[in-house]
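Structure below is coords22.txt: compact mmCIF, C-alpha atoms.
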```txt
# COMPACT_ATOMS: atom_id res chain seq x y z
CA MET A 279 -23.02 15.03 -14.83
CA TYR A 280 -21.58 14.22 -11.42
CA ASP A 281 -24.65 15.64 -9.61
CA ALA A 282 -26.92 13.48 -11.76
CA LEU A 283 -25.33 10.27 -10.45
CA PRO A 284 -27.29 8.29 -7.85
CA ARG A 285 -26.28 8.87 -4.24
CA ARG A 286 -24.74 5.38 -3.92
CA ALA A 287 -22.65 5.91 -7.07
CA ARG A 288 -21.42 9.28 -5.76
CA LEU A 289 -20.45 7.67 -2.47
CA ARG A 290 -18.56 4.86 -4.23
CA ARG A 291 -16.71 7.37 -6.42
CA TRP A 292 -15.85 9.50 -3.39
CA LEU A 293 -14.51 6.50 -1.45
CA SER A 294 -12.43 5.42 -4.46
CA ARG A 295 -10.53 8.70 -4.59
CA GLU A 296 -6.91 8.57 -3.49
CA THR A 297 -7.34 11.71 -1.38
CA THR A 298 -10.35 10.23 0.42
CA SER A 299 -8.48 7.01 1.21
CA GLY A 300 -5.55 8.93 2.65
CA ALA A 301 -7.82 11.15 4.75
CA LEU A 302 -9.71 8.17 6.19
CA LEU A 303 -6.45 6.41 7.05
CA LEU A 304 -5.15 9.50 8.83
CA THR A 305 -8.40 9.99 10.72
CA ALA A 306 -8.55 6.36 11.88
CA ALA A 307 -4.90 6.38 12.98
CA ALA A 308 -5.30 9.69 14.82
CA LEU A 309 -8.43 8.45 16.61
CA ALA A 310 -6.60 5.29 17.69
CA LEU A 311 -3.59 7.25 18.97
CA ILE A 312 -5.77 9.67 20.93
CA TRP A 313 -7.89 6.90 22.45
CA ALA A 314 -4.89 4.69 23.31
CA ASN A 315 -3.23 7.59 25.16
CA SER A 316 -6.35 8.87 26.92
CA PRO A 317 -7.78 7.96 30.34
CA PHE A 318 -9.95 5.46 28.46
CA ALA A 319 -7.01 3.48 27.06
CA ASP A 320 -8.19 0.29 28.78
CA ALA A 321 -11.41 0.45 26.78
CA TYR A 322 -9.42 0.64 23.54
CA THR A 323 -7.34 -2.37 24.58
CA ALA A 324 -10.46 -4.32 25.56
CA LEU A 325 -12.06 -3.54 22.20
CA SER A 326 -8.94 -4.61 20.29
CA GLU A 327 -8.73 -7.89 22.23
CA PHE A 328 -12.44 -8.70 22.10
CA THR A 329 -12.72 -12.22 20.66
CA ILE A 330 -15.38 -13.27 18.19
CA GLY A 331 -15.77 -16.15 15.74
CA PRO A 332 -16.43 -19.90 15.66
CA GLU A 333 -14.01 -21.71 17.95
CA ALA A 334 -14.64 -25.05 16.23
CA LEU A 335 -13.09 -23.65 13.04
CA HIS A 336 -10.19 -22.04 14.95
CA LEU A 337 -11.53 -18.65 13.91
CA ASP A 338 -12.17 -17.28 17.40
CA LEU A 339 -9.99 -14.23 16.75
CA SER A 340 -9.67 -10.82 18.35
CA LEU A 341 -11.11 -7.83 16.50
CA SER A 342 -7.59 -6.56 15.78
CA HIS A 343 -6.71 -9.98 14.36
CA TRP A 344 -9.85 -10.00 12.21
CA ALA A 345 -8.90 -6.55 10.91
CA ALA A 346 -5.36 -7.68 10.00
CA ASP A 347 -6.19 -11.11 8.57
CA GLY A 348 -9.76 -10.64 7.39
CA LEU A 349 -10.60 -7.10 6.33
CA LEU A 350 -7.10 -6.46 5.00
CA ALA A 351 -7.63 -9.30 2.52
CA LEU A 352 -9.95 -6.88 0.67
CA PHE A 353 -7.06 -4.44 0.32
CA PHE A 354 -4.79 -7.19 -0.96
CA PHE A 355 -7.49 -8.30 -3.40
CA VAL A 356 -7.41 -4.80 -4.88
CA VAL A 357 -3.59 -5.04 -4.96
CA GLY A 358 -3.85 -8.39 -6.78
CA VAL A 359 -6.29 -6.97 -9.34
CA GLU A 360 -4.04 -3.95 -9.85
CA LEU A 361 -0.99 -6.18 -10.27
CA LYS A 362 -2.80 -8.29 -12.87
CA HIS A 363 -3.86 -5.19 -14.80
CA GLU A 364 -0.37 -3.69 -14.74
CA PHE A 365 1.29 -6.93 -15.92
CA VAL A 366 -1.22 -7.56 -18.72
CA ALA A 367 -2.36 -4.14 -19.92
CA GLY A 368 -0.59 -1.52 -17.81
CA SER A 369 2.86 -0.11 -17.16
CA LEU A 370 4.48 -3.49 -16.48
CA ARG A 371 3.52 -5.07 -19.80
CA ARG A 372 6.53 -3.47 -21.54
CA PRO A 373 9.61 -4.58 -19.59
CA ARG A 374 11.92 -1.95 -21.10
CA GLU A 375 9.70 0.94 -19.97
CA ALA A 376 8.98 -0.59 -16.58
CA ALA A 377 12.57 -1.62 -15.85
CA VAL A 378 13.71 1.59 -14.12
CA PRO A 379 10.86 1.83 -11.56
CA VAL A 380 10.99 -1.94 -11.05
CA LEU A 381 14.71 -1.81 -10.22
CA ALA A 382 14.10 1.32 -8.13
CA ALA A 383 11.55 -0.64 -6.12
CA VAL A 384 14.12 -3.37 -5.46
CA GLY A 385 16.69 -0.80 -4.36
CA GLY A 386 14.03 0.93 -2.28
CA MET A 387 13.51 -2.30 -0.35
CA LEU A 388 17.12 -3.43 0.01
CA VAL A 389 18.60 -0.20 1.39
CA PRO A 390 16.01 0.23 4.20
CA ALA A 391 16.52 -3.40 5.22
CA VAL A 392 20.29 -2.88 5.36
CA ILE A 393 19.88 0.31 7.41
CA PHE A 394 17.51 -1.47 9.81
CA VAL A 395 19.90 -4.38 10.36
CA ALA A 396 22.91 -2.05 10.73
CA VAL A 397 21.18 0.10 13.37
CA ALA A 398 19.83 -2.89 15.29
CA LEU A 399 23.28 -4.54 15.38
CA ALA A 400 24.98 -1.26 16.30
CA PHE A 401 22.75 -1.04 19.39
CA GLY A 402 23.10 -4.75 20.12
CA ASP A 403 19.35 -5.45 19.87
CA THR A 404 19.40 -8.79 18.09
CA GLU A 405 15.76 -9.44 19.03
CA ALA A 406 14.77 -6.51 16.81
CA LEU A 407 16.25 -8.18 13.72
CA ARG A 408 12.98 -10.03 13.20
CA GLY A 409 11.51 -6.74 12.00
CA TRP A 410 14.00 -6.15 9.19
CA ALA A 411 11.19 -6.05 6.59
CA ILE A 412 9.10 -3.38 8.35
CA PRO A 413 10.70 -0.33 6.63
CA THR A 414 10.75 -1.99 3.19
CA ALA A 415 7.05 -1.50 2.45
CA THR A 416 5.22 1.36 0.72
CA ASP A 417 1.59 2.26 1.31
CA ILE A 418 0.44 2.80 -2.27
CA ALA A 419 -2.90 4.40 -1.32
CA PHE A 420 -1.36 6.89 1.10
CA ALA A 421 1.55 7.75 -1.20
CA LEU A 422 -0.68 8.39 -4.22
CA ALA A 423 -2.98 10.52 -2.05
CA VAL A 424 -0.09 12.82 -1.04
CA LEU A 425 1.04 13.05 -4.68
CA ALA A 426 -2.51 13.88 -5.82
CA ILE A 427 -2.87 16.67 -3.24
CA PHE A 428 0.53 18.35 -3.47
CA GLY A 429 1.80 17.35 -6.91
CA ARG A 430 -0.79 18.95 -9.17
CA GLY A 431 0.75 20.23 -12.37
CA LEU A 432 3.77 17.92 -12.27
CA PRO A 433 4.54 15.62 -15.24
CA PRO A 434 2.14 12.64 -15.52
CA GLY A 435 5.20 10.42 -15.81
CA LEU A 436 5.87 10.97 -12.10
CA ARG A 437 2.59 9.33 -11.11
CA THR A 438 3.22 6.46 -13.52
CA PHE A 439 6.70 6.01 -12.07
CA LEU A 440 5.39 6.01 -8.49
CA LEU A 441 2.48 3.71 -9.32
CA THR A 442 4.73 1.19 -11.05
CA LEU A 443 7.28 1.35 -8.24
CA ALA A 444 4.62 0.98 -5.54
CA VAL A 445 2.90 -1.92 -7.31
CA VAL A 446 6.21 -3.81 -7.57
CA ASP A 447 6.93 -2.87 -3.96
CA ASP A 448 3.60 -4.43 -2.96
CA LEU A 449 4.42 -7.58 -4.93
CA LEU A 450 7.80 -7.89 -3.22
CA ALA A 451 6.21 -7.24 0.19
CA ILE A 452 3.70 -10.03 -0.49
CA ILE A 453 6.56 -12.40 -1.32
CA VAL A 454 8.38 -11.37 1.86
CA ILE A 455 5.28 -12.01 3.99
CA ALA A 456 4.65 -15.38 2.35
CA VAL A 457 8.28 -16.58 2.58
CA PHE A 458 9.67 -15.06 5.78
CA TYR A 459 6.59 -14.74 7.99
CA THR A 460 5.13 -18.20 7.58
CA ALA A 461 6.35 -20.40 10.44
CA THR A 462 4.77 -23.77 9.61
CA ILE A 463 2.67 -24.87 6.64
CA GLN A 464 -0.18 -27.36 6.79
CA LEU A 465 -0.14 -28.96 3.35
CA VAL A 466 -3.71 -30.27 3.19
CA PRO A 467 -5.43 -26.90 3.84
CA LEU A 468 -2.90 -25.21 1.52
CA VAL A 469 -3.67 -27.62 -1.34
CA ILE A 470 -7.43 -27.13 -0.81
CA ALA A 471 -6.97 -23.35 -0.81
CA LEU A 472 -4.95 -23.44 -4.05
CA ALA A 473 -7.57 -25.73 -5.63
CA GLY A 474 -10.19 -23.19 -4.61
CA VAL A 475 -8.18 -20.44 -6.33
CA ALA A 476 -8.06 -22.56 -9.49
CA VAL A 477 -11.84 -23.05 -9.43
CA TYR A 478 -12.29 -19.31 -8.80
CA ALA A 479 -10.01 -18.53 -11.79
CA VAL A 480 -12.27 -20.63 -14.02
CA LEU A 481 -15.56 -19.29 -12.69
CA VAL A 482 -14.51 -15.64 -12.78
CA ARG A 483 -14.05 -15.89 -16.55
CA ARG A 484 -17.60 -17.10 -17.12
CA ARG A 485 -20.23 -14.70 -18.42
CA TRP A 486 -22.66 -15.87 -15.73
CA ALA A 487 -20.20 -15.32 -12.84
CA ARG A 488 -21.93 -13.44 -10.01
CA TRP A 489 -20.82 -12.17 -6.62
CA TRP A 490 -23.11 -14.58 -4.73
CA LEU A 491 -21.20 -17.46 -6.34
CA LEU A 492 -17.67 -16.05 -6.15
CA LEU A 493 -17.83 -14.55 -2.66
CA PRO A 494 -18.54 -17.85 -0.78
CA LEU A 495 -15.74 -19.51 -2.75
CA ALA A 496 -13.38 -16.65 -1.88
CA LEU A 497 -14.27 -17.03 1.80
CA LEU A 498 -13.49 -20.75 1.62
CA VAL A 499 -10.12 -19.99 0.04
CA TRP A 500 -9.41 -17.43 2.76
CA GLY A 501 -10.40 -19.89 5.51
CA PHE A 502 -8.26 -22.75 4.25
CA LEU A 503 -5.28 -20.50 3.60
CA HIS A 504 -5.62 -19.17 7.16
CA ALA A 505 -5.67 -22.75 8.44
CA SER A 506 -2.58 -23.62 6.36
CA GLY A 507 -0.36 -21.18 8.26
CA VAL A 508 0.21 -18.87 5.29
CA HIS A 509 -0.91 -15.34 6.10
CA ALA A 510 -4.55 -15.15 5.07
CA THR A 511 -4.20 -11.83 3.23
CA ILE A 512 -2.29 -13.72 0.52
CA ALA A 513 -5.68 -15.19 -0.44
CA GLY A 514 -6.76 -11.72 -1.56
CA VAL A 515 -3.71 -11.38 -3.81
CA LEU A 516 -4.18 -14.82 -5.41
CA LEU A 517 -7.89 -14.25 -6.06
CA GLY A 518 -7.27 -10.75 -7.42
CA PHE A 519 -4.55 -12.02 -9.73
CA ALA A 520 -6.96 -14.65 -11.09
CA VAL A 521 -9.33 -12.00 -12.50
CA PRO A 522 -8.93 -11.60 -16.31
CA ALA A 523 -7.31 -8.31 -17.31
CA ARG A 524 -8.53 -8.19 -20.91
CA PRO A 525 -12.15 -7.83 -22.04
CA LEU A 526 -13.81 -11.18 -22.63
CA ALA A 527 -15.96 -11.90 -25.67
CA GLY A 528 -18.90 -9.52 -25.81
CA GLU A 529 -17.58 -7.26 -23.02
CA SER A 530 -16.27 -3.73 -23.46
CA ILE A 531 -14.10 -3.47 -20.33
CA ALA A 532 -11.81 -5.89 -18.52
CA ARG A 533 -13.08 -7.56 -15.39
CA THR A 534 -10.08 -6.28 -13.48
CA ASP A 535 -11.57 -2.80 -13.94
CA THR A 536 -15.04 -4.00 -12.98
CA TYR A 537 -13.90 -5.81 -9.83
CA ASP A 538 -11.61 -2.95 -8.87
CA ASP A 539 -14.56 -0.56 -9.05
CA LEU A 540 -16.69 -2.94 -6.97
CA VAL A 541 -14.22 -3.71 -4.18
CA ARG A 542 -12.07 -0.58 -3.90
CA PRO A 543 -14.73 1.50 -2.07
CA PHE A 544 -15.03 -1.22 0.61
CA SER A 545 -11.25 -1.51 0.82
CA ALA A 546 -10.64 2.23 1.06
CA GLY A 547 -13.72 3.10 3.11
CA ILE A 548 -13.88 0.18 5.55
CA ALA A 549 -10.99 -2.31 5.47
CA LEU A 550 -8.03 0.09 5.56
CA PRO A 551 -9.44 2.58 8.12
CA VAL A 552 -10.54 -0.22 10.47
CA PHE A 553 -7.14 -1.90 10.19
CA ALA A 554 -5.41 1.43 10.80
CA PHE A 555 -7.62 2.03 13.84
CA PHE A 556 -6.60 -1.25 15.48
CA ALA A 557 -2.96 -1.18 14.34
CA ALA A 558 -2.03 2.44 15.15
CA GLY A 559 -3.10 2.56 18.80
CA VAL A 560 0.34 2.89 20.39
CA THR A 561 0.24 3.69 24.11
CA VAL A 562 3.03 6.14 24.95
CA VAL A 563 1.60 8.67 27.40
CA GLY A 564 0.07 6.06 29.67
CA ALA A 565 3.09 3.74 29.57
CA GLY A 566 5.17 3.22 32.67
CA ASP A 567 8.22 4.70 30.98
CA PRO A 568 7.38 6.47 27.71
CA LEU A 569 11.06 6.99 26.93
CA ALA A 570 11.56 3.23 27.04
CA VAL A 571 9.25 2.98 24.04
CA VAL A 572 10.59 5.94 22.06
CA ALA A 573 14.29 5.26 22.77
CA GLN A 574 14.28 1.68 21.50
CA PRO A 575 16.81 0.83 18.78
CA VAL A 576 13.93 -0.49 16.66
CA VAL A 577 12.50 3.05 16.49
CA ALA A 578 15.68 4.53 15.04
CA ALA A 579 16.06 1.54 12.71
CA ILE A 580 12.57 1.84 11.25
CA VAL A 581 12.50 5.64 11.00
CA GLY A 582 15.95 5.63 9.39
CA GLY A 583 14.90 2.92 6.97
CA LEU A 584 11.66 4.64 5.94
CA VAL A 585 12.81 8.26 5.75
CA VAL A 586 16.43 7.87 4.64
CA GLY A 587 16.70 4.34 3.30
CA LYS A 588 13.75 4.51 0.92
CA ALA A 589 14.85 7.81 -0.63
CA ILE A 590 18.47 6.69 -1.01
CA GLY A 591 17.47 3.29 -2.38
CA VAL A 592 15.14 4.72 -5.02
CA LEU A 593 17.41 7.60 -6.11
CA ALA A 594 20.71 5.71 -6.05
CA THR A 595 19.31 2.74 -7.97
CA THR A 596 17.69 5.01 -10.56
CA ALA A 597 20.88 7.06 -11.01
CA LEU A 598 22.98 3.91 -11.39
CA VAL A 599 20.61 2.22 -13.83
CA THR A 600 20.15 5.26 -16.08
CA ARG A 601 23.90 5.96 -16.23
CA VAL A 602 25.33 2.49 -16.85
CA THR A 603 22.53 1.10 -19.04
CA ARG A 604 20.35 2.33 -21.91
CA LEU A 605 17.28 2.43 -19.70
CA ARG A 606 15.79 5.88 -19.23
CA LEU A 607 13.21 7.68 -17.11
CA PRO A 608 9.77 8.55 -18.55
CA GLU A 609 9.58 11.63 -20.76
CA GLY A 610 9.47 14.86 -18.78
CA VAL A 611 10.88 13.26 -15.60
CA ALA A 612 14.42 14.05 -14.39
CA LEU A 613 16.41 12.49 -11.58
CA ARG A 614 15.95 15.63 -9.44
CA ASP A 615 12.17 15.09 -9.60
CA LEU A 616 12.48 11.73 -7.85
CA LEU A 617 13.52 12.92 -4.39
CA PRO A 618 9.89 13.52 -3.33
CA ILE A 619 8.98 10.19 -4.94
CA GLY A 620 11.64 8.49 -2.83
CA LEU A 621 10.18 10.15 0.26
CA LEU A 622 6.67 9.06 -0.73
CA CYS A 623 7.95 5.50 -0.80
CA GLY A 624 8.86 5.99 2.86
CA ILE A 625 5.15 6.09 3.69
CA GLY A 626 4.97 2.53 4.96
CA PHE A 627 1.85 2.67 7.12
CA THR A 628 -0.57 -0.16 6.19
CA VAL A 629 1.84 -2.89 5.07
CA SER A 630 4.54 -1.81 7.54
CA LEU A 631 2.05 -2.03 10.42
CA LEU A 632 0.99 -5.45 9.16
CA ILE A 633 4.59 -6.70 9.08
CA THR A 634 5.12 -5.21 12.56
CA GLY A 635 2.36 -7.43 13.91
CA LEU A 636 3.93 -10.44 12.20
CA SER A 637 7.45 -9.63 13.42
CA PHE A 638 6.98 -9.10 17.15
CA ASP A 639 4.78 -10.68 19.79
CA ASP A 640 6.20 -8.81 22.78
CA GLY A 641 4.63 -5.53 23.88
CA VAL A 642 7.88 -3.55 24.06
CA HIS A 643 9.09 -4.11 20.50
CA THR A 644 5.58 -3.99 19.07
CA ASP A 645 4.75 -0.59 20.58
CA GLY A 646 8.14 0.83 19.59
CA ALA A 647 7.86 -0.47 16.03
CA ARG A 648 4.30 0.81 15.59
CA PHE A 649 5.32 4.22 16.92
CA ALA A 650 8.28 4.24 14.53
CA VAL A 651 6.11 3.36 11.53
CA LEU A 652 3.77 6.24 12.33
CA LEU A 653 6.65 8.67 12.91
CA GLY A 654 8.55 7.58 9.80
CA THR A 655 5.38 7.78 7.70
CA LEU A 656 4.62 11.28 9.03
CA LEU A 657 8.15 12.58 8.37
CA SER A 658 8.23 11.06 4.88
CA ALA A 659 4.80 12.47 4.02
CA LEU A 660 5.67 15.96 5.29
CA GLY A 661 9.01 16.00 3.45
CA ALA A 662 7.41 14.79 0.23
CA ALA A 663 4.58 17.33 0.54
CA VAL A 664 7.03 20.23 0.91
CA LEU A 665 9.14 19.14 -2.08
CA LEU A 666 6.13 18.36 -4.25
CA SER A 667 4.60 21.76 -3.51
CA ARG A 668 7.86 23.48 -4.40
CA ASN A 669 8.29 21.50 -7.62
CA ALA A 670 4.64 22.05 -8.61
CA ALA A 671 5.01 25.81 -8.04
CA ARG A 672 8.17 25.83 -10.16
CA ALA A 673 6.40 23.90 -12.93
CA ARG A 674 3.52 26.40 -12.92
CA ARG A 675 5.95 29.34 -13.12
CA GLU A 676 7.74 27.74 -16.05
CA ALA A 677 4.41 27.08 -17.78
CA VAL A 678 3.34 30.72 -17.31
CA ALA A 679 6.73 31.96 -18.53
CA ALA A 680 6.50 29.75 -21.60
CA ALA A 681 2.98 30.95 -22.33
CA ASP A 682 4.07 34.61 -22.04
CA GLY A 683 6.94 34.15 -24.50
CA ILE A 684 6.52 35.79 -27.92
CA ASP A 685 8.12 32.92 -29.84
CA GLY A 686 7.30 29.43 -28.66
CA ASP A 687 10.68 28.23 -29.95
CA GLY A 688 12.65 31.00 -28.26
CA PRO A 689 13.26 31.96 -24.65
CA ALA A 690 10.35 33.24 -22.59
CA LEU A 691 10.40 37.00 -22.02
CA GLY A 692 10.37 38.59 -18.61
CA PHE A 693 8.22 41.51 -17.43
CA ASP A 694 10.72 44.00 -18.75
CA GLY A 695 10.68 42.46 -22.24
CA ARG A 696 14.07 40.83 -21.85
CA PRO A 697 14.68 37.06 -22.03
```

Take the structure from the file and write it as structure tokens.
Amino acid sequence: MYDALPRRARLRRWLSRETTSGALLLTAAALALIWANSPFADAYTALSEFTIGPEALHLDLSLSHWAADGLLALFFFVVGVELKHEFVAGSLRRPREAAVPVLAAVGGMLVPAVIFVAVALAFGDTEALRGWAIPTATDIAFALAVLAIFGRGLPPGLRTFLLTLAVVDDLLAIIVIAVFYTATIQLVPLVIALAGVAVYAVLVRRRWARWWLLLPLALLVWGFLHASGVHATIAGVLLGFAVPARPLAGESIARTDTYDDLVRPFSAGIALPVFAFFAAGVTVVGAGDPLAVVAQPVVAAIVGGLVVGKAIGVLATTALVTRVTRLRLPEGVALRDLLPIGLLCGIGFTVSLLITGLSFDDGVHTDGARFAVLLGTLLSALGAAVLLSRNAARARREAVAAADGIDGDGPALGFDGRP
């Protein structure tokens, strides 16, 4: 069946896989790191700073800026579509079932922020406080990719828990970017952008809606939102959230599913890897004093927030909520299973790198923060992979033991015939 699909359909399906997205992100980030620390580092810098775009429209931006503000809007469109689906027809439509991962997401953002601020103040680096939100984000694509690779055989409720948590995490990160990283707002472009979103919301529900009509309108919304001072990636979220999440009359599937299938391959295969390539190029080897970059307080603050803060925030909040309220974890999921999930939430990467660029405009803090995001993401991913592999192996052993038991209701028998 799969082999019978057209080549383009196979490529789209391959790009939409969580494992493919994670591999492309890793490859792009590794290439950027190698190039930025090679004898050809100046060429990487020149490429990142190469300016293109119409100056009359104030869109003469560097390639790295286009990647962060332009291409990343595709990723946030997918996030917006996914949010709409989860709120209307997914795991967030039943508040009682979604409450635990939602609250865990809140705890998973608060604790890393507290750790960041505490470390920055302890070292007396008040300038670093602008980056307090960097370790609060979770890269949903990367985290799900690690779970898919190393968590095979684990309860399906774990993926649902992580997906719900990460979706809420993305929503909170979007709010943080919109509220705390918008310096000044130009009202006229903002009103025009919001009016464009309203028109898009009407058109996208029409049976005759086509990409050649919606795409130019989406670009106009993006342009006016960029001119308003609000980070332009928010346009992707607003447009994605405007897509209907229930099948319209005469349609068998919701348009959120259709648009997700259309845009996700471009997001995973182009937008995210290109952004990672321009955002992850931290120069350490060629720096005048590499230790000055690595030894910054912001590095310890971000790594501590991602690796320790995320895990503590998710686990502690979940333990508290399930013990003092009637809310419970999904069936088949225990609190001990959530340690690797907490570590997966420490994979900040895409959104953390985006917030880094919004937080700092000086080379010293920016390089240190980007290095810390990469290091914290790597440590979190490795820790989660080890724990997931161990838990998956234990689950397989228990399944084999249960299958070898004589009585399904009794204890499984060992090789010597004893329970």

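With distances restricted to all atoms listed in the file, A:Ile619 is the closest residue to Leu425 (chain A) from A:Ile619, A:Ser637, A:Ile625, A:Val572.
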
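Within 12 Å of Arg672 (chain A), once all atoms listed in the file are used and residues closer than 3 positions along the same chain are dropped, the contacting residues are A:Gly429, A:Arg430, A:Gly431, A:Leu432, A:Pro433, A:Asp615, A:Leu665, A:Leu666, A:Ser667, A:Arg668, A:Asn669, A:Arg675, A:Glu676, A:Ala677, A:Val678, A:Ala679.
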
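Relative to CA of Val562 (chain A), CA of Phe649 (chain A) is found at 8.6 Å.
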
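Distance-wise, CA of Asp645 (chain A) and CA of Leu339 (chain A) end up 20.4 Å apart.
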
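Reported to one decimal place, the separation of CA of Leu636 (chain A) from CA of Ala419 (chain A) is 21.2 Å.
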
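With distances restricted to all atoms listed in the file, A:Ala496 is the closest residue to Ala473 (chain A) from A:Ala546, A:Leu540, A:Val664, A:Ala496.
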
Quick one: what's the axis-aligned box for region 399-414 of chain A, all listed atoms, 3 Å on every side, centre and edges in Å to one decimal, as lines of an AutoDock Vina configuration file?
```
center_x = 17.0
center_y = -5.2
center_z = 11.7
size_x = 21.9
size_y = 15.7
size_z = 22.9
```

Among listed residues A:Pro434, A:Gly646, A:Pro373, A:Gly635, nearest Ile580 (chain A) (using only C-alpha atoms): A:Gly646

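If you count only C-alpha atoms and ignore residues fewer than 6 places along the chain from Val454 (chain A), what sits within 10 Å of it is Ala411, Thr414, Ala415, Asp448, Thr460 and Ile633 of chain A.
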
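Minimum atom-to-atom distance to Leu370 (chain A), evaluated using all atoms listed in the file, belongs to A:Thr438 out of A:Thr404, A:Thr438, A:Thr329, A:Asn315.
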
Residue neighbourhood region 380-395 of chain A, 9 Å, all atoms listed in the file, exclusion window fewer than 2 positions, as a PyMOL selection string: chain A and resi 370+376-378+397-400+404+406-407+409-415+442-447+450-451+576+578-596+599+620+623-624

Filtering to C-alpha atoms, could you give me those residues as a compact mmCIF listing (two decimals), in the coordinates of the input?
```
# COMPACT_ATOMS: atom_id res chain seq x y z
CA LEU A 370 4.48 -3.49 -16.48
CA ALA A 376 8.98 -0.59 -16.58
CA ALA A 377 12.57 -1.62 -15.85
CA VAL A 378 13.71 1.59 -14.12
CA VAL A 397 21.18 0.10 13.37
CA ALA A 398 19.83 -2.89 15.29
CA LEU A 399 23.28 -4.54 15.38
CA ALA A 400 24.98 -1.26 16.30
CA THR A 404 19.40 -8.79 18.09
CA ALA A 406 14.77 -6.51 16.81
CA LEU A 407 16.25 -8.18 13.72
CA GLY A 409 11.51 -6.74 12.00
CA TRP A 410 14.00 -6.15 9.19
CA ALA A 411 11.19 -6.05 6.59
CA ILE A 412 9.10 -3.38 8.35
CA PRO A 413 10.70 -0.33 6.63
CA THR A 414 10.75 -1.99 3.19
CA ALA A 415 7.05 -1.50 2.45
CA THR A 442 4.73 1.19 -11.05
CA LEU A 443 7.28 1.35 -8.24
CA ALA A 444 4.62 0.98 -5.54
CA VAL A 445 2.90 -1.92 -7.31
CA VAL A 446 6.21 -3.81 -7.57
CA ASP A 447 6.93 -2.87 -3.96
CA LEU A 450 7.80 -7.89 -3.22
CA ALA A 451 6.21 -7.24 0.19
CA VAL A 576 13.93 -0.49 16.66
CA ALA A 578 15.68 4.53 15.04
CA ALA A 579 16.06 1.54 12.71
CA ILE A 580 12.57 1.84 11.25
CA VAL A 581 12.50 5.64 11.00
CA GLY A 582 15.95 5.63 9.39
CA GLY A 583 14.90 2.92 6.97
CA LEU A 584 11.66 4.64 5.94
CA VAL A 585 12.81 8.26 5.75
CA VAL A 586 16.43 7.87 4.64
CA GLY A 587 16.70 4.34 3.30
CA LYS A 588 13.75 4.51 0.92
CA ALA A 589 14.85 7.81 -0.63
CA ILE A 590 18.47 6.69 -1.01
CA GLY A 591 17.47 3.29 -2.38
CA VAL A 592 15.14 4.72 -5.02
CA LEU A 593 17.41 7.60 -6.11
CA ALA A 594 20.71 5.71 -6.05
CA THR A 595 19.31 2.74 -7.97
CA THR A 596 17.69 5.01 -10.56
CA VAL A 599 20.61 2.22 -13.83
CA GLY A 620 11.64 8.49 -2.83
CA CYS A 623 7.95 5.50 -0.80
CA GLY A 624 8.86 5.99 2.86
```

Residue neighbourhood Phe354 (chain A), 7 Å, only C-alpha atoms, exclusion window fewer than 2 positions, as an MDAnalysis selection string: chainID A and resid 350:352 356:358 511 514:515

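Using all atoms listed in the file, the shortest contact distance between Phe420 (chain A) and any of A:Ala505, A:Ala324, A:Leu303, A:Val469 is found at A:Leu303.
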